[in-house]
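In what follows, a structure is listed as structure tokens, so that the remarks can point back to it.
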Amino acid sequence: MVEFLTHIFQVFSKFFFLLAPFFVLAIFLSLTPDDTQLRRKLALRVAIAVLVACFCILFFGNTMFRVFGITLDSFKIGAGALLFLTSVDVVRGKPPASRDVGEQEVTIVPLAIPITVGPATTGAIMILGAESKANGGMTTGCIGLALAVVSLGIILYLGSEIKAVMKAQGILVMSKIMGVVISALAAQMIFTGIKGVLQ
């Protein structure tokens, strides 16, 4: 039971940082009107869209490995490189998509995809899916990933309140700290992939 909960926490913490909630929150606040009720409604839509996207990738994304003959280790190296580039954008505070979008369009594009679930996050979820199927840990992977998305949804839902407490500068600092953690995850992913290829 302890091992089961530990694995859930490991998956949760990894994807919580990968989803970069405070970076997403900063963009969410800039893309949505200053209306708490509307923001809460949009936050729920974003969370649902991210959850659906993540689970579609988790269960069906690994078909790419078979179709294109890609090994898990080579994919780790490629996804890790993309993840590192994403972490640089997070630290610099640069959104990976244009902000010039309509109010009704922001929930799925660009907030859910590609700001929250971008190429690097997609790669990490595909790796999780492949490893979970190989190790028989799909249940813990699903629970951990779902908890990370729910946590993101709660942060977005309370976005107006968090902004009032932390101010824009505080949110920016938190997003930059998460960017540094993401870069470390990227390095670990690349090193693990290289080690697997060499072995």
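Scheme for the structure tokens: letters A, B, ... for chains in order shown; per-chain residue numbers from 1; ligand numbers from 1 in order shown.
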
Practice task
Name the residues of segment 12-180 of chain A that fall into alpha helix (DSSP H) according to DSSP on the backbone, using the chain letters and numbers of this document, as a ChimeraX atom specification.
Solution key: /A:12-18,21-31,36-60,63-68,72-92,119-135,138-157,159-180

Hey, which bits of segment 110-169 of chain A sit within 12 Å of segment 17-24 of chain A, and for each residue what's the closest pair of atoms and how far apart in Å (one decimal), counting only C-alpha atoms, rows by chain and increasing number, as CSV?
```
residue,atom,partner,partner_atom,distance
A:Pro110,CA,A:Val24,CA,10.4
A:Leu111,CA,A:Val24,CA,7.4
A:Ala112,CA,A:Val24,CA,9.2
A:Ile113,CA,A:Val24,CA,11.1
A:Pro114,CA,A:Val24,CA,10.7
A:Ile115,CA,A:Val24,CA,7.0
A:Thr116,CA,A:Leu19,CA,5.7
A:Val117,CA,A:Leu19,CA,7.2
A:Gly118,CA,A:Leu19,CA,9.1
A:Pro119,CA,A:Leu18,CA,11.3
A:Ala120,CA,A:Leu18,CA,8.5
A:Thr121,CA,A:Leu18,CA,6.4
A:Thr122,CA,A:Leu18,CA,10.1
A:Gly123,CA,A:Leu18,CA,10.9
A:Ala124,CA,A:Leu18,CA,8.5
A:Ile125,CA,A:Leu18,CA,9.9
A:Leu145,CA,A:Leu19,CA,10.1
A:Ala146,CA,A:Leu19,CA,11.7
A:Leu147,CA,A:Leu19,CA,11.6
A:Ala148,CA,A:Leu19,CA,7.9
A:Val149,CA,A:Leu19,CA,7.9
A:Val150,CA,A:Pro21,CA,10.7
A:Ser151,CA,A:Pro21,CA,8.3
A:Leu152,CA,A:Pro21,CA,5.5
A:Gly153,CA,A:Pro21,CA,8.7
A:Ile154,CA,A:Pro21,CA,9.7
A:Ile155,CA,A:Pro21,CA,7.1
A:Leu156,CA,A:Pro21,CA,7.9
A:Tyr157,CA,A:Pro21,CA,11.4
A:Leu158,CA,A:Phe22,CA,11.6
A:Gly159,CA,A:Phe22,CA,9.5
A:Ile162,CA,A:Phe22,CA,9.9
A:Lys163,CA,A:Phe22,CA,10.4
A:Met166,CA,A:Phe22,CA,10.9
A:Lys167,CA,A:Phe22,CA,12.0
A:Ala168,CA,A:Phe22,CA,10.5
A:Gln169,CA,A:Phe22,CA,11.3
```

Exercise for the section: Take atom CA of Lys176 of chain A and atom CA of Val90 of chain A and report the distance between them in Å, one decimal. Expected result: 6.1 Å

Could you build a table of the residues in segment 38-136 of chain A lying no more than 9 Å from segment 188-194 of chain A, giving for each the nearest pair of atoms and their separation in Å rounded to one decimal place, using only C-alpha atoms, ordered by chain and ascending residue number, as JSON lines?
```
{"residue": "A:Leu72", "atom": "CA", "partner": "A:Gly193", "partner_atom": "CA", "distance": 7.7}
{"residue": "A:Asp73", "atom": "CA", "partner": "A:Gly193", "partner_atom": "CA", "distance": 4.2}
{"residue": "A:Ser74", "atom": "CA", "partner": "A:Gly193", "partner_atom": "CA", "distance": 6.1}
{"residue": "A:Phe75", "atom": "CA", "partner": "A:Gly193", "partner_atom": "CA", "distance": 7.6}
{"residue": "A:Lys76", "atom": "CA", "partner": "A:Gly193", "partner_atom": "CA", "distance": 5.1}
{"residue": "A:Ile77", "atom": "CA", "partner": "A:Ile190", "partner_atom": "CA", "distance": 4.4}
{"residue": "A:Gly78", "atom": "CA", "partner": "A:Ile190", "partner_atom": "CA", "distance": 7.6}
{"residue": "A:Ala79", "atom": "CA", "partner": "A:Met189", "partner_atom": "CA", "distance": 7.8}
{"residue": "A:Gly80", "atom": "CA", "partner": "A:Ile190", "partner_atom": "CA", "distance": 5.1}
{"residue": "A:Ala81", "atom": "CA", "partner": "A:Ile190", "partner_atom": "CA", "distance": 7.0}
{"residue": "A:Ala124", "atom": "CA", "partner": "A:Met189", "partner_atom": "CA", "distance": 8.8}
```

Practice task
Considering only C-alpha atoms, return as a list in words whatever protein or nucleic-acid residues lie within 10 Å of Cys142 of chain A, sequence-local ones (same chain, fewer than 2 positions apart) excluded.
Solution key: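 In the requested format, the answer is Ile8, Val11, Phe12, Cys54, Phe55, Leu58, Phe59, Leu128, Gly129, Ser132, Gly137, Met138, Thr139, Thr140, Gly144, Leu145, Ala146, Leu147 and Ala148 of chain A.
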
Handout entry: Computed interatomic separation between atom CA of Ile182 of chain A and atom CA of Ser87 of chain A (Å)
Key =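 Spanning atom CA of Ile182 of chain A to atom CA of Ser87 of chain A is a straight-line distance of 5.6 Å.
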